[in-house]
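Colleague: Provided below: upload10.pdb, containing PDB, C-alpha atoms, pLDDT in the B column.
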MODEL        1
ATOM      1  CA  MET A  22       1.029 -42.609 -24.535  1.00 55.00           C
ATOM      2  CA  PRO A  23      -2.107 -40.851 -25.672  1.00 73.00           C
ATOM      3  CA  GLY A  24      -1.824 -37.080 -25.721  1.00 90.00           C
ATOM      4  CA  LEU A  25      -4.330 -34.287 -26.038  1.00 93.00           C
ATOM      5  CA  ALA A  26      -7.787 -35.432 -27.108  1.00 92.00           C
ATOM      6  CA  PRO A  27      -8.085 -35.192 -30.920  1.00 93.00           C
ATOM      7  CA  ASP A  28     -11.342 -33.203 -30.788  1.00 92.00           C
ATOM      8  CA  ILE A  29      -9.531 -30.498 -28.829  1.00 95.00           C
ATOM      9  CA  ALA A  30      -6.229 -30.735 -30.703  1.00 95.00           C
ATOM     10  CA  GLU A  31      -7.885 -30.226 -34.082  1.00 95.00           C
ATOM     11  CA  ARG A  32      -9.528 -27.006 -32.894  1.00 96.00           C
ATOM     12  CA  LEU A  33      -6.379 -25.296 -31.647  1.00 97.00           C
ATOM     13  CA  SER A  34      -4.874 -22.427 -33.579  1.00 98.00           C
ATOM     14  CA  ARG A  35      -1.220 -22.369 -32.582  1.00 98.00           C
ATOM     15  CA  ASN A  36       1.402 -19.712 -33.196  1.00 96.00           C
ATOM     16  CA  PRO A  37       4.431 -20.556 -35.375  1.00 94.00           C
ATOM     17  CA  ASP A  38       6.140 -22.044 -32.305  1.00 96.00           C
ATOM     18  CA  GLY A  39       3.188 -24.362 -31.678  1.00 97.00           C
ATOM     19  CA  LEU A  40       2.074 -22.376 -28.628  1.00 98.00           C
ATOM     20  CA  LEU A  41      -1.039 -20.604 -27.371  1.00 98.00           C
ATOM     21  CA  PRO A  42      -1.159 -17.890 -24.726  1.00 98.00           C
ATOM     22  CA  ALA A  43      -2.929 -18.964 -21.549  1.00 98.00           C
ATOM     23  CA  VAL A  44      -4.563 -16.285 -19.422  1.00 98.00           C
ATOM     24  CA  VAL A  45      -4.597 -17.444 -15.819  1.00 98.00           C
ATOM     25  CA  GLN A  46      -7.359 -16.151 -13.592  1.00 98.00           C
ATOM     26  CA  GLN A  47      -8.203 -16.731  -9.939  1.00 98.00           C
ATOM     27  CA  HIS A  48     -11.543 -18.537 -10.147  1.00 98.00           C
ATOM     28  CA  ASP A  49     -13.408 -16.729  -7.384  1.00 97.00           C
ATOM     29  CA  THR A  50     -11.999 -13.196  -7.210  1.00 97.00           C
ATOM     30  CA  GLY A  51     -11.537 -12.794 -10.964  1.00 98.00           C
ATOM     31  CA  GLU A  52      -7.960 -11.522 -10.577  1.00 98.00           C
ATOM     32  CA  VAL A  53      -5.871 -11.968 -13.710  1.00 98.00           C
ATOM     33  CA  LEU A  54      -2.818 -13.615 -12.193  1.00 98.00           C
ATOM     34  CA  MET A  55      -0.416 -14.076 -15.107  1.00 98.00           C
ATOM     35  CA  LEU A  56      -0.062 -15.064 -18.719  1.00 98.00           C
ATOM     36  CA  ALA A  57       1.858 -18.164 -19.736  1.00 98.00           C
ATOM     37  CA  TRP A  58       2.226 -20.373 -22.818  1.00 98.00           C
ATOM     38  CA  MET A  59       1.024 -23.859 -23.609  1.00 98.00           C
ATOM     39  CA  ASP A  60       1.603 -26.374 -26.346  1.00 98.00           C
ATOM     40  CA  ASP A  61      -0.596 -29.436 -26.853  1.00 97.00           C
ATOM     41  CA  GLU A  62       1.274 -31.473 -24.271  1.00 97.00           C
ATOM     42  CA  ALA A  63       1.101 -28.733 -21.606  1.00 97.00           C
ATOM     43  CA  LEU A  64      -2.644 -28.449 -22.168  1.00 97.00           C
ATOM     44  CA  HIS A  65      -2.997 -32.218 -22.028  1.00 96.00           C
ATOM     45  CA  ARG A  66      -1.107 -32.375 -18.737  1.00 96.00           C
ATOM     46  CA  THR A  67      -3.136 -29.486 -17.333  1.00 96.00           C
ATOM     47  CA  LEU A  68      -6.419 -31.176 -18.222  1.00 95.00           C
ATOM     48  CA  THR A  69      -5.454 -34.597 -16.967  1.00 94.00           C
ATOM     49  CA  THR A  70      -3.597 -33.661 -13.780  1.00 95.00           C
ATOM     50  CA  GLY A  71      -5.578 -30.626 -12.657  1.00 96.00           C
ATOM     51  CA  ARG A  72      -2.294 -28.810 -12.071  1.00 97.00           C
ATOM     52  CA  ALA A  73      -1.495 -25.897 -14.364  1.00 97.00           C
ATOM     53  CA  THR A  74       1.403 -26.877 -16.586  1.00 98.00           C
ATOM     54  CA  TYR A  75       3.060 -24.534 -19.053  1.00 98.00           C
ATOM     55  CA  TRP A  76       5.810 -24.450 -21.618  1.00 98.00           C
ATOM     56  CA  SER A  77       8.668 -22.212 -20.530  1.00 96.00           C
ATOM     57  CA  ARG A  78       9.882 -20.346 -23.582  1.00 94.00           C
ATOM     58  CA  SER A  79      13.009 -19.167 -21.782  1.00 92.00           C
ATOM     59  CA  ARG A  80      14.028 -22.541 -20.362  1.00 94.00           C
ATOM     60  CA  GLY A  81      12.655 -24.687 -23.191  1.00 96.00           C
ATOM     61  CA  GLU A  82      10.897 -27.097 -20.843  1.00 97.00           C
ATOM     62  CA  TYR A  83       7.572 -27.879 -19.219  1.00 97.00           C
ATOM     63  CA  TRP A  84       6.935 -26.433 -15.826  1.00 96.00           C
ATOM     64  CA  VAL A  85       4.283 -27.331 -13.334  1.00 98.00           C
ATOM     65  CA  LYS A  86       3.419 -24.046 -11.705  1.00 97.00           C
ATOM     66  CA  GLY A  87       4.463 -24.063  -8.050  1.00 95.00           C
ATOM     67  CA  GLU A  88       6.516 -27.243  -8.286  1.00 94.00           C
ATOM     68  CA  THR A  89       9.574 -25.510  -6.876  1.00 92.00           C
ATOM     69  CA  SER A  90       8.006 -22.421  -5.246  1.00 93.00           C
ATOM     70  CA  GLY A  91       5.060 -24.218  -3.681  1.00 95.00           C
ATOM     71  CA  ASN A  92       2.743 -21.592  -5.150  1.00 96.00           C
ATOM     72  CA  ARG A  93       0.612 -24.146  -6.929  1.00 97.00           C
ATOM     73  CA  GLN A  94      -2.315 -23.603  -9.256  1.00 98.00           C
ATOM     74  CA  TRP A  95      -5.229 -25.993  -8.943  1.00 97.00           C
ATOM     75  CA  VAL A  96      -7.217 -25.899 -12.137  1.00 97.00           C
ATOM     76  CA  ARG A  97     -10.946 -25.323 -11.885  1.00 96.00           C
ATOM     77  CA  GLU A  98     -11.901 -24.665 -15.487  1.00 96.00           C
ATOM     78  CA  VAL A  99     -10.304 -24.432 -18.925  1.00 97.00           C
ATOM     79  CA  ARG A 100     -11.788 -22.551 -21.880  1.00 98.00           C
ATOM     80  CA  LEU A 101     -10.784 -21.768 -25.452  1.00 98.00           C
ATOM     81  CA  ASP A 102     -11.718 -18.480 -27.043  1.00 98.00           C
ATOM     82  CA  CYS A 103     -13.817 -18.065 -30.190  1.00 97.00           C
ATOM     83  CA  ASP A 104     -10.794 -18.433 -32.479  1.00 96.00           C
ATOM     84  CA  ALA A 105      -9.259 -21.241 -30.396  1.00 98.00           C
ATOM     85  CA  ASP A 106      -6.003 -19.305 -30.294  1.00 98.00           C
ATOM     86  CA  THR A 107      -6.141 -18.328 -26.614  1.00 98.00           C
ATOM     87  CA  ILE A 108      -6.741 -20.386 -23.475  1.00 98.00           C
ATOM     88  CA  LEU A 109      -8.375 -19.173 -20.273  1.00 98.00           C
ATOM     89  CA  ILE A 110      -7.449 -21.129 -17.170  1.00 98.00           C
ATOM     90  CA  LYS A 111      -9.405 -20.550 -13.976  1.00 98.00           C
ATOM     91  CA  VAL A 112      -7.412 -21.725 -11.008  1.00 98.00           C
ATOM     92  CA  ASP A 113      -7.202 -21.691  -7.272  1.00 98.00           C
ATOM     93  CA  GLN A 114      -3.832 -20.046  -6.690  1.00 98.00           C
ATOM     94  CA  GLU A 115      -1.863 -20.873  -3.563  1.00 97.00           C
ATOM     95  CA  GLY A 116       0.072 -17.832  -2.388  1.00 97.00           C
ATOM     96  CA  PRO A 117       1.560 -15.366  -4.837  1.00 98.00           C
ATOM     97  CA  ALA A 118       1.344 -16.152  -8.548  1.00 98.00           C
ATOM     98  CA  CYS A 119       4.287 -13.932  -9.441  1.00 97.00           C
ATOM     99  CA  HIS A 120       7.920 -14.859  -9.034  1.00 94.00           C
ATOM    100  CA  THR A 121       8.470 -11.368  -7.590  1.00 96.00           C
ATOM    101  CA  GLY A 122       6.275 -12.329  -4.642  1.00 96.00           C
ATOM    102  CA  THR A 123       3.232 -10.261  -5.548  1.00 98.00           C
ATOM    103  CA  ARG A 124      -0.178 -11.853  -5.819  1.00 98.00           C
ATOM    104  CA  THR A 125      -0.448 -11.225  -9.549  1.00 98.00           C
ATOM    105  CA  CYS A 126       2.162 -10.414 -12.178  1.00 98.00           C
ATOM    106  CA  PHE A 127       0.378  -7.117 -12.829  1.00 98.00           C
ATOM    107  CA  ASP A 128       0.330  -5.676  -9.300  1.00 97.00           C
ATOM    108  CA  ASP A 129       3.306  -3.347  -9.740  1.00 95.00           C
ATOM    109  CA  GLY A 130       2.713  -2.552 -13.392  1.00 96.00           C
ATOM    110  CA  LEU A 131       0.242   0.310 -13.459  1.00 95.00           C
ATOM    111  CA  ILE A 132       1.078   2.656 -16.336  1.00 95.00           C
ATOM    112  CA  THR A 133      -2.078   4.748 -16.191  1.00 83.00           C
ATOM    113  CA  GLN A 134      -3.936   6.294 -13.402  1.00 59.00           C
ATOM    114  CA  GLU A 135      -5.902   8.876 -15.245  1.00 57.00           C
ATOM    115  CA  LEU A 136      -7.143   8.524 -18.766  1.00 69.00           C
ATOM    116  CA  PRO A 137      -8.917  11.041 -20.973  1.00 67.00           C
TER     117      PRO A 137
ATOM    118  CA  MET B  17       4.060  13.302 -33.931  1.00 54.00           C
ATOM    119  CA  PRO B  18       5.230  11.987 -30.589  1.00 73.00           C
ATOM    120  CA  GLY B  19       4.421   8.359 -29.963  1.00 91.00           C
ATOM    121  CA  LEU B  20       4.502   6.150 -26.919  1.00 93.00           C
ATOM    122  CA  ALA B  21       6.266   7.710 -23.927  1.00 92.00           C
ATOM    123  CA  PRO B  22       9.940   6.646 -23.927  1.00 93.00           C
ATOM    124  CA  ASP B  23       9.859   5.473 -20.301  1.00 92.00           C
ATOM    125  CA  ILE B  24       7.144   2.989 -21.240  1.00 95.00           C
ATOM    126  CA  ALA B  25       8.536   2.075 -24.660  1.00 95.00           C
ATOM    127  CA  GLU B  26      11.945   1.143 -23.244  1.00 95.00           C
ATOM    128  CA  ARG B  27      10.358  -1.289 -20.786  1.00 96.00           C
ATOM    129  CA  LEU B  28       8.346  -3.279 -23.319  1.00 97.00           C
ATOM    130  CA  SER B  29       9.423  -6.773 -24.269  1.00 98.00           C
ATOM    131  CA  ARG B  30       7.916  -7.355 -27.705  1.00 98.00           C
ATOM    132  CA  ASN B  31       7.585 -10.568 -29.680  1.00 96.00           C
ATOM    133  CA  PRO B  32       9.447 -10.906 -33.011  1.00 94.00           C
ATOM    134  CA  ASP B  33       6.546  -9.128 -34.735  1.00 95.00           C
ATOM    135  CA  GLY B  34       6.818  -6.167 -32.366  1.00 97.00           C
ATOM    136  CA  LEU B  35       3.628  -7.102 -30.532  1.00 98.00           C
ATOM    137  CA  LEU B  36       2.480  -7.842 -26.996  1.00 98.00           C
ATOM    138  CA  PRO B  37      -0.623  -9.779 -25.999  1.00 98.00           C
ATOM    139  CA  ALA B  38      -3.227  -7.646 -24.251  1.00 98.00           C
ATOM    140  CA  VAL B  39      -5.614  -9.341 -21.851  1.00 98.00           C
ATOM    141  CA  VAL B  40      -8.857  -7.388 -21.763  1.00 98.00           C
ATOM    142  CA  GLN B  41     -10.889  -7.503 -18.573  1.00 98.00           C
ATOM    143  CA  GLN B  42     -14.195  -5.924 -17.554  1.00 98.00           C
ATOM    144  CA  HIS B  43     -13.132  -3.560 -14.784  1.00 98.00           C
ATOM    145  CA  ASP B  44     -15.947  -4.234 -12.302  1.00 97.00           C
ATOM    146  CA  THR B  45     -17.028  -7.845 -12.823  1.00 97.00           C
ATOM    147  CA  GLY B  46     -13.538  -9.199 -13.526  1.00 98.00           C
ATOM    148  CA  GLU B  47     -14.693 -11.085 -16.630  1.00 98.00           C
ATOM    149  CA  VAL B  48     -11.867 -11.816 -19.052  1.00 98.00           C
ATOM    150  CA  LEU B  49     -13.419 -10.552 -22.262  1.00 98.00           C
ATOM    151  CA  MET B  50     -10.836 -11.295 -24.953  1.00 98.00           C
ATOM    152  CA  LEU B  51      -7.174 -11.282 -25.844  1.00 98.00           C
ATOM    153  CA  ALA B  52      -5.835  -8.964 -28.530  1.00 98.00           C
ATOM    154  CA  TRP B  53      -2.450  -7.681 -29.690  1.00 98.00           C
ATOM    155  CA  MET B  54      -0.779  -4.300 -29.419  1.00 98.00           C
ATOM    156  CA  ASP B  55       2.306  -2.674 -30.819  1.00 98.00           C
ATOM    157  CA  ASP B  56       3.743   0.562 -29.443  1.00 97.00           C
ATOM    158  CA  GLU B  57       1.403   2.715 -31.502  1.00 97.00           C
ATOM    159  CA  ALA B  58      -1.708   0.790 -30.468  1.00 97.00           C
ATOM    160  CA  LEU B  59      -0.697   1.159 -26.818  1.00 97.00           C
ATOM    161  CA  HIS B  60      -0.004   4.842 -27.360  1.00 96.00           C
ATOM    162  CA  ARG B  61      -3.421   5.370 -28.908  1.00 96.00           C
ATOM    163  CA  THR B  62      -5.090   3.374 -26.146  1.00 96.00           C
ATOM    164  CA  LEU B  63      -3.410   5.467 -23.439  1.00 95.00           C
ATOM    165  CA  THR B  64      -4.073   8.809 -25.069  1.00 94.00           C
ATOM    166  CA  THR B  65      -7.605   8.272 -26.357  1.00 95.00           C
ATOM    167  CA  GLY B  66      -9.046   6.069 -23.619  1.00 96.00           C
ATOM    168  CA  ARG B  67     -10.474   3.794 -26.311  1.00 97.00           C
ATOM    169  CA  ALA B  68      -8.961   0.333 -26.609  1.00 97.00           C
ATOM    170  CA  THR B  69      -7.002   0.126 -29.850  1.00 98.00           C
ATOM    171  CA  TYR B  70      -5.338  -3.028 -31.125  1.00 98.00           C
ATOM    172  CA  TRP B  71      -3.244  -4.290 -34.010  1.00 98.00           C
ATOM    173  CA  SER B  72      -5.167  -6.744 -36.145  1.00 96.00           C
ATOM    174  CA  ARG B  73      -2.766  -9.487 -37.171  1.00 94.00           C
ATOM    175  CA  SER B  74      -5.224 -10.847 -39.741  1.00 92.00           C
ATOM    176  CA  ARG B  75      -6.033  -7.526 -41.372  1.00 94.00           C
ATOM    177  CA  GLY B  76      -2.668  -5.862 -40.803  1.00 96.00           C
ATOM    178  CA  GLU B  77      -4.177  -2.660 -39.464  1.00 97.00           C
ATOM    179  CA  TYR B  78      -5.118  -0.844 -36.293  1.00 97.00           C
ATOM    180  CA  TRP B  79      -8.628  -1.288 -35.047  1.00 96.00           C
ATOM    181  CA  VAL B  80     -10.467   0.713 -32.463  1.00 98.00           C
ATOM    182  CA  LYS B  81     -12.617  -1.849 -30.682  1.00 97.00           C
ATOM    183  CA  GLY B  82     -16.291  -1.164 -31.388  1.00 95.00           C
ATOM    184  CA  GLU B  83     -15.676   1.366 -34.153  1.00 94.00           C
ATOM    185  CA  THR B  84     -17.826  -0.607 -36.560  1.00 92.00           C
ATOM    186  CA  SER B  85     -19.825  -2.813 -34.167  1.00 93.00           C
ATOM    187  CA  GLY B  86     -20.563  -0.134 -31.603  1.00 95.00           C
ATOM    188  CA  ASN B  87     -19.372  -2.481 -28.870  1.00 96.00           C
ATOM    189  CA  ARG B  88     -16.811  -0.039 -27.579  1.00 97.00           C
ATOM    190  CA  GLN B  89     -14.263  -0.470 -24.829  1.00 98.00           C
ATOM    191  CA  TRP B  90     -13.649   2.473 -22.534  1.00 97.00           C
ATOM    192  CA  VAL B  91     -10.289   2.051 -20.871  1.00 97.00           C
ATOM    193  CA  ARG B  92     -10.128   2.350 -17.096  1.00 96.00           C
ATOM    194  CA  GLU B  93      -6.639   1.073 -16.358  1.00 96.00           C
ATOM    195  CA  VAL B  94      -3.583  -0.284 -18.164  1.00 97.00           C
ATOM    196  CA  ARG B  95      -0.916  -2.463 -16.551  1.00 98.00           C
ATOM    197  CA  LEU B  96       2.241  -4.258 -17.656  1.00 98.00           C
ATOM    198  CA  ASP B  97       3.232  -7.561 -16.123  1.00 98.00           C
ATOM    199  CA  CYS B  98       6.485  -8.255 -14.279  1.00 97.00           C
ATOM    200  CA  ASP B  99       8.347  -9.073 -17.502  1.00 96.00           C
ATOM    201  CA  ALA B 100       6.702  -6.239 -19.449  1.00 98.00           C
ATOM    202  CA  ASP B 101       5.752  -8.717 -22.155  1.00 98.00           C
ATOM    203  CA  THR B 102       1.998  -8.755 -21.457  1.00 98.00           C
ATOM    204  CA  ILE B 103      -0.529  -5.940 -21.079  1.00 98.00           C
ATOM    205  CA  LEU B 104      -3.649  -6.002 -18.920  1.00 98.00           C
ATOM    206  CA  ILE B 105      -6.383  -3.600 -19.988  1.00 98.00           C
ATOM    207  CA  LYS B 106      -9.310  -3.004 -17.687  1.00 98.00           C
ATOM    208  CA  VAL B 107     -12.232  -1.602 -19.607  1.00 98.00           C
ATOM    209  CA  ASP B 108     -15.882  -0.800 -19.470  1.00 98.00           C
ATOM    210  CA  GLN B 109     -17.257  -2.936 -22.294  1.00 98.00           C
ATOM    211  CA  GLU B 110     -20.395  -1.815 -24.103  1.00 97.00           C
ATOM    212  CA  GLY B 111     -22.441  -4.842 -25.161  1.00 97.00           C
ATOM    213  CA  PRO B 112     -20.791  -8.067 -26.237  1.00 98.00           C
ATOM    214  CA  ALA B 113     -17.018  -8.141 -26.543  1.00 98.00           C
ATOM    215  CA  CYS B 114     -17.022 -11.076 -28.952  1.00 97.00           C
ATOM    216  CA  HIS B 115     -17.731 -10.860 -32.667  1.00 94.00           C
ATOM    217  CA  THR B 116     -19.920 -13.941 -32.239  1.00 96.00           C
ATOM    218  CA  GLY B 117     -22.273 -11.897 -30.074  1.00 96.00           C
ATOM    219  CA  THR B 118     -21.395 -13.423 -26.721  1.00 98.00           C
ATOM    220  CA  ARG B 119     -20.336 -11.264 -23.819  1.00 98.00           C
ATOM    221  CA  THR B 120     -16.805 -12.674 -23.755  1.00 98.00           C
ATOM    222  CA  CYS B 121     -14.806 -14.613 -26.328  1.00 98.00           C
ATOM    223  CA  PHE B 122     -14.602 -17.520 -23.880  1.00 98.00           C
ATOM    224  CA  ASP B 123     -18.318 -18.045 -23.183  1.00 97.00           C
ATOM    225  CA  ASP B 124     -18.787 -20.981 -25.553  1.00 95.00           C
ATOM    226  CA  GLY B 125     -15.339 -22.480 -25.124  1.00 96.00           C
ATOM    227  CA  LEU B 126     -15.520 -24.698 -22.069  1.00 95.00           C
ATOM    228  CA  ILE B 127     -13.344 -27.768 -22.586  1.00 95.00           C
ATOM    229  CA  THR B 128     -13.462 -29.065 -19.021  1.00 83.00           C
ATOM    230  CA  GLN B 129     -16.219 -29.504 -16.588  1.00 58.00           C
ATOM    231  CA  GLU B 130     -14.692 -31.965 -14.238  1.00 57.00           C
ATOM    232  CA  LEU B 131     -11.045 -32.204 -13.444  1.00 69.00           C
ATOM    233  CA  PRO B 132      -9.180 -34.736 -11.343  1.00 68.00           C
TER     234      PRO B 132
ENDMDL
END
Can I see the file as structure tokens?

Modeller:
Amino acid sequence: MPGLAPDIAERLSRNPDGLLPAVVQQHDTGEVLMLAWMDDEALHRTLTTGRATYWSRSRGEYWVKGETSGNRQWVREVRLDCDADTILIKVDQEGPACHTGTRTCFDDGLITQELP
Amino acid sequence: MPGLAPDIAERLSRNPDGLLPAVVQQHDTGEVLMLAWMDDEALHRTLTTGRATYWSRSRGEYWVKGETSGNRQWVREVRLDCDADTILIKVDQEGPACHTGTRTCFDDGLITQELP
């Protein structure tokens, strides 16, 4: 079975575990929804299925976002950064992105309100 | 010298190198500008100075974004995600965020135009 296209695979700069962080953004509002991790196969599946697919570091398996929760991510665009060590995924998120039930994983995490 | 506030420090889930990925977003347009890395001290400096400060993994030193290039990041908001293993920094970015001269580090990195 062919995997990730060689011209993309040869550009990727992976961490020692073979992973890249993927920033997931709602395509129209610009909300940063979450950060997840991808290896070559997760990126390949994401690009070919149009459904955001990640590598779960805690469970040691692939997960298609929303497969159990129903809160699916339909991929609109995928980009690599200048060093090809980070992925940006623009998606259309159904429902909440966070397992806590909030829209984004950052909604309850404010640690500053006033800066210098 | 006091460092990062204990109530924040005790929440952080760091990688084996003591770092967390920081997603950097333009506060008003929502553009994802770049991804960088922070340890406790970088986060402390970011929160107390209002200037985005990262740990450079390649150079092994702290860097205040824009200190040499002039393309400074003025911090508007800092958030942790639900697992406290990712930071979201909303900034006001002066000029290009990317060392290549593009506004964001993802501008030239499109790897999909049409998905299933």

Colleague: Report, in Å with one decimal, the straight-line distance from CA of Val45 (chain A) to CA of Thr121 (chain A).

Modeller: 16.6 Å

Colleague: Which protein, DNA or RNA residues have an atom at most 9 Å from (-5.1, 0.3, -30.3), counting all atoms listed in the file? List them as number ranges by chain.

Modeller: B: 53-63, 67-71, 78-81

Colleague: Which chain B residues are at most 6 Å from chain A (counting all atoms listed in the file), as a PyMOL selection string?

Modeller: chain B and resi 46+66+93-98+121-122+125-128+131-132

Colleague: How many Å lie between CA of His48 (chain A) and CA of Gln94 (chain A), rounded to one decimal?

Modeller: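 Going from CA of His48 (chain A) over to CA of Gln94 (chain A) covers 10.6 Å.
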
Colleague: Please, what is the axis-aligned box for every listed atom of region 97-103 of chain B with 6 Å on each side, as centre and edge lengths in Å to one decimal, as lines of an AutoDock Vina configuration file?

Modeller:
center_x = 3.9
center_y = -7.5
center_z = -18.2
size_x = 20.9
size_y = 15.1
size_z = 19.9

Colleague: Because the input lacks atoms here, generate all heavy atoms for region 73-81 of chain A and report them as a PDB file, keeping the file's coordinate frame.

Modeller:
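Saved result, result-v3.pdb, follows:
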ATOM      1  N   ALA A  73      -1.842 -26.717 -13.200  1.00 97.00           N
ATOM      2  CA  ALA A  73      -1.495 -25.897 -14.364  1.00 97.00           C
ATOM      3  C   ALA A  73      -0.052 -26.151 -14.775  1.00 97.00           C
ATOM      4  O   ALA A  73       0.872 -26.044 -13.961  1.00 97.00           O
ATOM      5  CB  ALA A  73      -1.696 -24.427 -14.036  1.00 97.00           C
ATOM      6  N   THR A  74       0.103 -26.509 -16.028  1.00 98.00           N
ATOM      7  CA  THR A  74       1.403 -26.877 -16.586  1.00 98.00           C
ATOM      8  C   THR A  74       1.626 -26.080 -17.858  1.00 98.00           C
ATOM      9  O   THR A  74       0.764 -26.052 -18.733  1.00 98.00           O
ATOM     10  CB  THR A  74       1.441 -28.387 -16.894  1.00 98.00           C
ATOM     11  OG1 THR A  74       1.092 -29.104 -15.701  1.00 98.00           O
ATOM     12  CG2 THR A  74       2.809 -28.829 -17.375  1.00 98.00           C
ATOM     13  N   TYR A  75       2.773 -25.434 -17.939  1.00 98.00           N
ATOM     14  CA  TYR A  75       3.060 -24.534 -19.053  1.00 98.00           C
ATOM     15  C   TYR A  75       4.333 -24.949 -19.766  1.00 98.00           C
ATOM     16  O   TYR A  75       5.094 -25.787 -19.274  1.00 98.00           O
ATOM     17  CB  TYR A  75       3.211 -23.092 -18.529  1.00 98.00           C
ATOM     18  CG  TYR A  75       2.034 -22.651 -17.703  1.00 98.00           C
ATOM     19  CD1 TYR A  75       2.125 -22.492 -16.325  1.00 98.00           C
ATOM     20  CD2 TYR A  75       0.803 -22.408 -18.306  1.00 98.00           C
ATOM     21  CE1 TYR A  75       1.034 -22.107 -15.561  1.00 98.00           C
ATOM     22  CE2 TYR A  75      -0.299 -22.016 -17.552  1.00 98.00           C
ATOM     23  CZ  TYR A  75      -0.171 -21.886 -16.184  1.00 98.00           C
ATOM     24  OH  TYR A  75      -1.264 -21.513 -15.438  1.00 98.00           O
ATOM     25  N   TRP A  76       4.549 -24.304 -20.917  1.00 98.00           N
ATOM     26  CA  TRP A  76       5.810 -24.450 -21.618  1.00 98.00           C
ATOM     27  C   TRP A  76       6.630 -23.196 -21.346  1.00 98.00           C
ATOM     28  O   TRP A  76       6.178 -22.080 -21.621  1.00 98.00           O
ATOM     29  CB  TRP A  76       5.596 -24.610 -23.122  1.00 98.00           C
ATOM     30  CG  TRP A  76       6.881 -24.642 -23.893  1.00 98.00           C
ATOM     31  CD1 TRP A  76       7.419 -23.658 -24.653  1.00 98.00           C
ATOM     32  CD2 TRP A  76       7.813 -25.736 -23.949  1.00 98.00           C
ATOM     33  NE1 TRP A  76       8.624 -24.053 -25.179  1.00 98.00           N
ATOM     34  CE2 TRP A  76       8.892 -25.333 -24.763  1.00 98.00           C
ATOM     35  CE3 TRP A  76       7.838 -27.017 -23.382  1.00 98.00           C
ATOM     36  CZ2 TRP A  76       9.981 -26.172 -25.028  1.00 98.00           C
ATOM     37  CZ3 TRP A  76       8.933 -27.844 -23.648  1.00 98.00           C
ATOM     38  CH2 TRP A  76       9.983 -27.415 -24.468  1.00 98.00           C
ATOM     39  N   SER A  77       7.796 -23.353 -20.783  1.00 96.00           N
ATOM     40  CA  SER A  77       8.668 -22.212 -20.530  1.00 96.00           C
ATOM     41  C   SER A  77       9.455 -21.903 -21.793  1.00 96.00           C
ATOM     42  O   SER A  77      10.299 -22.699 -22.223  1.00 96.00           O
ATOM     43  CB  SER A  77       9.639 -22.513 -19.390  1.00 96.00           C
ATOM     44  OG  SER A  77      10.626 -21.484 -19.338  1.00 96.00           O
ATOM     45  N   ARG A  78       9.177 -20.739 -22.373  1.00 94.00           N
ATOM     46  CA  ARG A  78       9.882 -20.346 -23.582  1.00 94.00           C
ATOM     47  C   ARG A  78      11.347 -20.045 -23.293  1.00 94.00           C
ATOM     48  O   ARG A  78      12.214 -20.273 -24.116  1.00 94.00           O
ATOM     49  CB  ARG A  78       9.192 -19.141 -24.228  1.00 94.00           C
ATOM     50  CG  ARG A  78       7.758 -19.463 -24.676  1.00 94.00           C
ATOM     51  CD  ARG A  78       7.068 -18.226 -25.233  1.00 94.00           C
ATOM     52  NE  ARG A  78       7.068 -17.156 -24.238  1.00 94.00           N
ATOM     53  CZ  ARG A  78       6.728 -15.894 -24.494  1.00 94.00           C
ATOM     54  NH1 ARG A  78       6.377 -15.543 -25.720  1.00 94.00           N
ATOM     55  NH2 ARG A  78       6.741 -15.000 -23.539  1.00 94.00           N
ATOM     56  N   SER A  79      11.627 -19.527 -22.103  1.00 92.00           N
ATOM     57  CA  SER A  79      13.009 -19.167 -21.782  1.00 92.00           C
ATOM     58  C   SER A  79      13.853 -20.400 -21.448  1.00 92.00           C
ATOM     59  O   SER A  79      15.018 -20.480 -21.823  1.00 92.00           O
ATOM     60  CB  SER A  79      13.045 -18.168 -20.620  1.00 92.00           C
ATOM     61  OG  SER A  79      12.379 -18.689 -19.485  1.00 92.00           O
ATOM     62  N   ARG A  80      13.255 -21.367 -20.758  1.00 94.00           N
ATOM     63  CA  ARG A  80      14.028 -22.541 -20.362  1.00 94.00           C
ATOM     64  C   ARG A  80      13.876 -23.707 -21.334  1.00 94.00           C
ATOM     65  O   ARG A  80      14.645 -24.671 -21.270  1.00 94.00           O
ATOM     66  CB  ARG A  80      13.611 -23.007 -18.964  1.00 94.00           C
ATOM     67  CG  ARG A  80      13.875 -21.963 -17.882  1.00 94.00           C
ATOM     68  CD  ARG A  80      13.781 -22.559 -16.484  1.00 94.00           C
ATOM     69  NE  ARG A  80      12.500 -23.196 -16.227  1.00 94.00           N
ATOM     70  CZ  ARG A  80      11.418 -22.572 -15.771  1.00 94.00           C
ATOM     71  NH1 ARG A  80      11.452 -21.272 -15.528  1.00 94.00           N
ATOM     72  NH2 ARG A  80      10.296 -23.214 -15.552  1.00 94.00           N
ATOM     73  N   GLY A  81      12.856 -23.607 -22.232  1.00 96.00           N
ATOM     74  CA  GLY A  81      12.655 -24.687 -23.191  1.00 96.00           C
ATOM     75  C   GLY A  81      12.236 -25.977 -22.533  1.00 96.00           C
ATOM     76  O   GLY A  81      12.701 -27.060 -22.899  1.00 96.00           O
TER      77      GLY A  81
END
